[in-house]
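First comes the structure, then the notes that go with it.
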Protein chains: 4
Amino acid sequence: MTPAKPTRVIFFGDSITQAGIQPGGYITRLKDRLAKENKGNDYDVVGAGIGGNKIYDLFLRMDEDVIAKQPDVTFIYIGVNDVWHKSTHGTGTDPDKFIKFYDAVIKKLQAAGSKVILVTPAVIGERADASNQQDGDLNQYTKFVRDLSVKHKLPLVDLRKTFMDYYQKNNPDNKEKGILTTDRVHLNEIGNQLVADEMYKALVAVK
Amino acid sequence: MTPAKPTRVIFFGDSITQAGIQPGGYITRLKDRLAKENKGNDYDVVGAGIGGNKIYDLFLRMDEDVIAKQPDVTFIYIGVNDVWHKSTHGTGTDPDKFIKFYDAVIKKLQAAGSKVILVTPAVIGERADASNQQDGDLNQYTKFVRDLSVKHKLPLVDLRKTFMDYYQKNNPDNKEKGILTTDRVHLNEIGNQLVADEMYKALVAVK
Amino acid sequence: MTPAKPTRVIFFGDSITQAGIQPGGYITRLKDRLAKENKGNDYDVVGAGIGGNKIYDLFLRMDEDVIAKQPDVTFIYIGVNDVWHKSTHGTGTDPDKFIKFYDAVIKKLQAAGSKVILVTPAVIGERADASNQQDGDLNQYTKFVRDLSVKHKLPLVDLRKTFMDYYQKNNPDNKEKGILTTDRVHLNEIGNQLVADEMYKALVAVK
Amino acid sequence: MTPAKPTRVIFFGDSITQAGIQPGGYITRLKDRLAKENKGNDYDVVGAGIGGNKIYDLFLRMDEDVIAKQPDVTFIYIGVNDVWHKSTHGTGTDPDKFIKFYDAVIKKLQAAGSKVILVTPAVIGERADASNQQDGDLNQYTKFVRDLSVKHKLPLVDLRKTFMDYYQKNNPDNKEKGILTTDRVHLNEIGNQLVADEMYKALVAVK
């Protein structure tokens, strides 16, 4: 009897995902956990993150970087740069265009036979009192992702909520970095483990 | 016996204050209320608002537009454009420079013999769920104003708090305008009355 | 004997093209000229401009607004907002993404059987001494369009060059508007006629 | 007989000037040249540059960092960040405010007894064909500095012109960096020497 083909899982995203495949990264930690629980052979986990990517970068490169690899499950983990680059490059993504391209990415993935899991953008700044520069805009784009998960009836890894809940308990000094990130955006060890655990829950819940 | 000289009050600010002296504006409403309560002769209320102004515009024009008029009480009502113009012109105000110029404006007013009352910037967008694009940044600059009022032991009209509290009760549909503003920023009738009432409270409390 | 089917021509663009179909607009003027020269029945000229559009807006709506209408010739007239919205909304288009989406639009039009004519973005500000805020960036995006016309061997209506040449002779006072535009961007009567004439030359040259 | 007190010279600026006092920096090179020509004891040359500074930073810190040191000659070398930070932080300087603060800095220096020399901002990007993103805006702010030198009858070190002339001869491949800068903005060895030589000429011409 031959073993079942492993489920191919792709994490599709930006620099956070690009770093996720490094030692200590969230994808590495997810794989470690799967291995420890003797599920290592059930999943073939791939990182497809490129620094600076916004939703329309994912759209432009999805044929080559994702669909060509025939994923069974794809996590879409994007949104930080769509907001952040408004301030740092003048090239963020318009709200309505974010939704349109996100919608197009979901549909193309589904048409290619992949299950799709959505992930909300976590943070740009870790202050717990809603005073990080992009908090309002990030809340807005998070709502877009939540709405898309409802519209398409897709699982959601709501990292923004997970992070906000974490800060309420673990950021009493209202620091802007150093809690779950090293630099306000990219994950430190605790952040990578937290994300790995949330991704794990969503992954094993896929039928 | 000659009547006492009226207290000269200057509202120093941006387009919201520029509109405040129009019929229905918050300064006009404040004057009406003072008149109705027979305090019309106790106060000489002046508007000094110019559209698009940021804190350093106030600094640059304060000698001519405020100090030359020898105010007894000056309300500093600024901050919306310091945040907003980051997105719309690329010329918002750096956080540390906002504090430095604000501090300089306070000191120059006090040195000229005016009492000073600080006002927090109210809103750019009226959504009640913290998802207006500039909410995080506006919260940050509001904190700067609150901190300056503590540092200089000055009265504070905390419009941002007043508006947020109002929305919790009166914006159940999470509209982005039309509650206290016409266009996400500038005051409608209810907004002008609310601001007039808050300014009134601070003014009559001045000793 | 039945008359030949007229050549369907679509102008695909932003607010400049949206205004082009109004009385006095460049598309209206082009039609008038064709009619005067007894070519009115040879061409079926359609405007497909929407205010605020950038290259990726064209990409997102091209199936419905252009390809569904089966054009024989499509003018792509875009680029001003890709540059301008960096400053006014923080949502301009990255240089490399501008090229990628533009390339994709060309390919989809050609695959749908349309001939394609490229148009460079004319101006944001009419000063003749290279001191309009976006001049450098507009020159950069103009080069991208010129390069794409070379790469795909496509006709080019180089409006930026046409306008610059015009200003050298006709803007001795270095005005920033009122020469070919009403407001630094949108065409006045002379501007609409100039654009109509340039488009005419490219159109009748199509084989 | 006691030697004459040396002429105190302050270079007042941003990161380019901050780096100017390093080995190989333009201020260091200027001092070396003065020493070689036996003028080392005639001048006391001081760098007062801080990274990220815009014109209003100079205004805010000029009492402490410049006037307290009683300069005989002050070079104002600013403007790159006033333009650049529009794109990278959303906190560039409005054109009219740039002029107002620049004017105020000149007047305060003159009132404190310093001669003043103006310097135009050189480059953000070294392409020779006017297609660097900020070329238009930098040309505009350069004109402001030139106009201020005329208005106040002050010597001008027109680095922008010097650099542009240099590129016409020495940047045949239209590179965006590596000619006079390391990174599009900060000076390499050749750039530091070129600036040192231009500053030298202006300094020894002071009466």
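Chain labels run A, B, ... following the order of the structure tokens; each chain numbers its residues from 1, and ligands are numbered from 1 in the order shown.
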Checklist entry - Quick one: which residues from chain A are at most 6 Å off chain D, using only C-alpha atoms, as an MDAnalysis selection string? => result chainID A and resid 87:90
Item to check | Every residue of chain C that DSSP places in helix (DSSP H, G or I), as a PyMOL selection string | outcome: chain C and resi 15-20+26-36+55-65+67-69+80-88+95-111+135-151+159-170+189-204
Item to check | Spatial neighbours of region 18-32 of chain D, 10 Å, only C-alpha atoms, chain gap at least 6 places, as a VMD selection string | outcome: chain D and resid 10 to 12 38 to 40 43 to 51 186 to 200 203
Item to check | Contact residues around Phe101 (chain C) with only C-alpha atoms at 9 Å, ignoring same-chain residues under 4 positions, as a list in words | outcome: Leu60 of chain A; Ile55, Tyr56, Leu58, Phe59, Asp96, Lys97, Val105 and Ile106 of chain C
Would you mind listing what lies within 9 Å of Ser149 (chain B) as a PDB file with all heavy atoms, in the first residue's frame, with only C-alpha atoms counted and same-chain residues fewer than 5 positions away left out?
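What landed in selection_37.pdb:
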ATOM      1  N   ILE B 117      -5.476  77.807  26.425  1.00  0.00           N
ATOM      2  CA  ILE B 117      -6.299  76.598  26.556  1.00  0.00           C
ATOM      3  C   ILE B 117      -6.029  75.714  25.345  1.00  0.00           C
ATOM      4  O   ILE B 117      -6.048  76.196  24.209  1.00  0.00           O
ATOM      5  CB  ILE B 117      -7.804  76.958  26.622  1.00  0.00           C
ATOM      6  CG1 ILE B 117      -8.063  77.839  27.858  1.00  0.00           C
ATOM      7  CG2 ILE B 117      -8.665  75.698  26.653  1.00  0.00           C
ATOM      8  CD1 ILE B 117      -9.499  78.355  27.960  1.00  0.00           C
ATOM      9  N   LEU B 118      -5.747  74.450  25.594  1.00  0.00           N
ATOM     10  CA  LEU B 118      -5.430  73.532  24.500  1.00  0.00           C
ATOM     11  C   LEU B 118      -6.682  72.768  24.074  1.00  0.00           C
ATOM     12  O   LEU B 118      -7.560  72.495  24.892  1.00  0.00           O
ATOM     13  CB  LEU B 118      -4.345  72.543  24.929  1.00  0.00           C
ATOM     14  CG  LEU B 118      -3.071  73.146  25.534  1.00  0.00           C
ATOM     15  CD1 LEU B 118      -1.993  72.068  25.671  1.00  0.00           C
ATOM     16  CD2 LEU B 118      -2.557  74.307  24.700  1.00  0.00           C
ATOM     17  N   PHE B 144      -0.160  63.845  22.283  1.00  0.00           N
ATOM     18  CA  PHE B 144       0.838  64.922  22.409  1.00  0.00           C
ATOM     19  C   PHE B 144       0.196  66.164  23.046  1.00  0.00           C
ATOM     20  O   PHE B 144       0.793  66.811  23.902  1.00  0.00           O
ATOM     21  CB  PHE B 144       1.409  65.301  21.040  1.00  0.00           C
ATOM     22  CG  PHE B 144       2.183  64.203  20.360  1.00  0.00           C
ATOM     23  CD1 PHE B 144       2.262  64.147  18.968  1.00  0.00           C
ATOM     24  CD2 PHE B 144       2.843  63.216  21.091  1.00  0.00           C
ATOM     25  CE1 PHE B 144       2.981  63.147  18.320  1.00  0.00           C
ATOM     26  CE2 PHE B 144       3.565  62.205  20.444  1.00  0.00           C
ATOM     27  CZ  PHE B 144       3.623  62.180  19.063  1.00  0.00           C
ATOM     28  N   LEU B 154      -2.157  73.313  31.804  1.00  0.00           N
ATOM     29  CA  LEU B 154      -3.123  74.149  31.081  1.00  0.00           C
ATOM     30  C   LEU B 154      -4.457  73.429  30.945  1.00  0.00           C
ATOM     31  O   LEU B 154      -4.499  72.201  30.852  1.00  0.00           O
ATOM     32  CB  LEU B 154      -2.586  74.466  29.681  1.00  0.00           C
ATOM     33  CG  LEU B 154      -1.322  75.316  29.635  1.00  0.00           C
ATOM     34  CD1 LEU B 154      -0.812  75.417  28.212  1.00  0.00           C
ATOM     35  CD2 LEU B 154      -1.597  76.706  30.207  1.00  0.00           C
ATOM     36  N   PRO B 155      -5.560  74.191  30.922  1.00  0.00           N
ATOM     37  CA  PRO B 155      -6.865  73.571  30.674  1.00  0.00           C
ATOM     38  C   PRO B 155      -6.883  72.888  29.305  1.00  0.00           C
ATOM     39  O   PRO B 155      -6.231  73.361  28.367  1.00  0.00           O
ATOM     40  CB  PRO B 155      -7.847  74.744  30.695  1.00  0.00           C
ATOM     41  CG  PRO B 155      -7.116  75.887  31.297  1.00  0.00           C
ATOM     42  CD  PRO B 155      -5.665  75.652  31.092  1.00  0.00           C
ATOM     43  N   LEU B 156      -7.656  71.823  29.209  1.00  0.00           N
ATOM     44  CA  LEU B 156      -7.732  71.054  27.961  1.00  0.00           C
ATOM     45  C   LEU B 156      -9.193  70.887  27.560  1.00  0.00           C
ATOM     46  O   LEU B 156     -10.013  70.451  28.374  1.00  0.00           O
ATOM     47  CB  LEU B 156      -7.100  69.679  28.174  1.00  0.00           C
ATOM     48  CG  LEU B 156      -7.146  68.712  26.984  1.00  0.00           C
ATOM     49  CD1 LEU B 156      -6.149  69.149  25.910  1.00  0.00           C
ATOM     50  CD2 LEU B 156      -6.841  67.282  27.435  1.00  0.00           C
TER      51      LEU B 156
END
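Taking only C-alpha atoms, the non-local environment of Val83 (chain D) within 7 Å (same-chain residues fewer than 6 positions away omitted) comprises Gly92, Thr93, Asp137 and Leu138 of chain D.
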File of the preceding selection, C-alpha atoms, as a CSV table (one decimal), in the first residue's frame:
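Output file selection.csv is given in full below:
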chain,number,residue,atom,x,y,z
D,92,GLY,CA,8.1,67.2,3.5
D,93,THR,CA,7.9,70.9,3.7
D,137,ASP,CA,10.4,69.3,-7.1
D,138,LEU,CA,14.1,69.7,-6.4
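When the distance limit is 12 Å and only C-alpha atoms are what count, the residues near Lys207 (chain A), minus those fewer than 6 positions from it on the same chain, are Thr7, Asp72, Val73, Lys115, Val116 and Pro155 of chain A.
Residues of region 32-180 of chain B assigned to strand (DSSP E) by DSSP on this structure's backbone: Tyr43, Asp44, Val45, Val46, Gly47, Ala48, Gly49, Val73, Thr74, Phe75, Ile76, Tyr77, Lys115, Val116, Ile117, Leu118, Val119, Leu156 and Val157 of chain B.
For the choices B:Glu176, B:Asp42, B:Glu64, B:Asp82, the atom-to-atom distance to Ser131 (chain B) is smallest for B:Glu176 when using only C-alpha atoms.
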Checklist entry - Which distance in Å separates CA of Asp129 (chain D) and CA of Asp103 (chain C), to one decimal? => result 23.8 Å
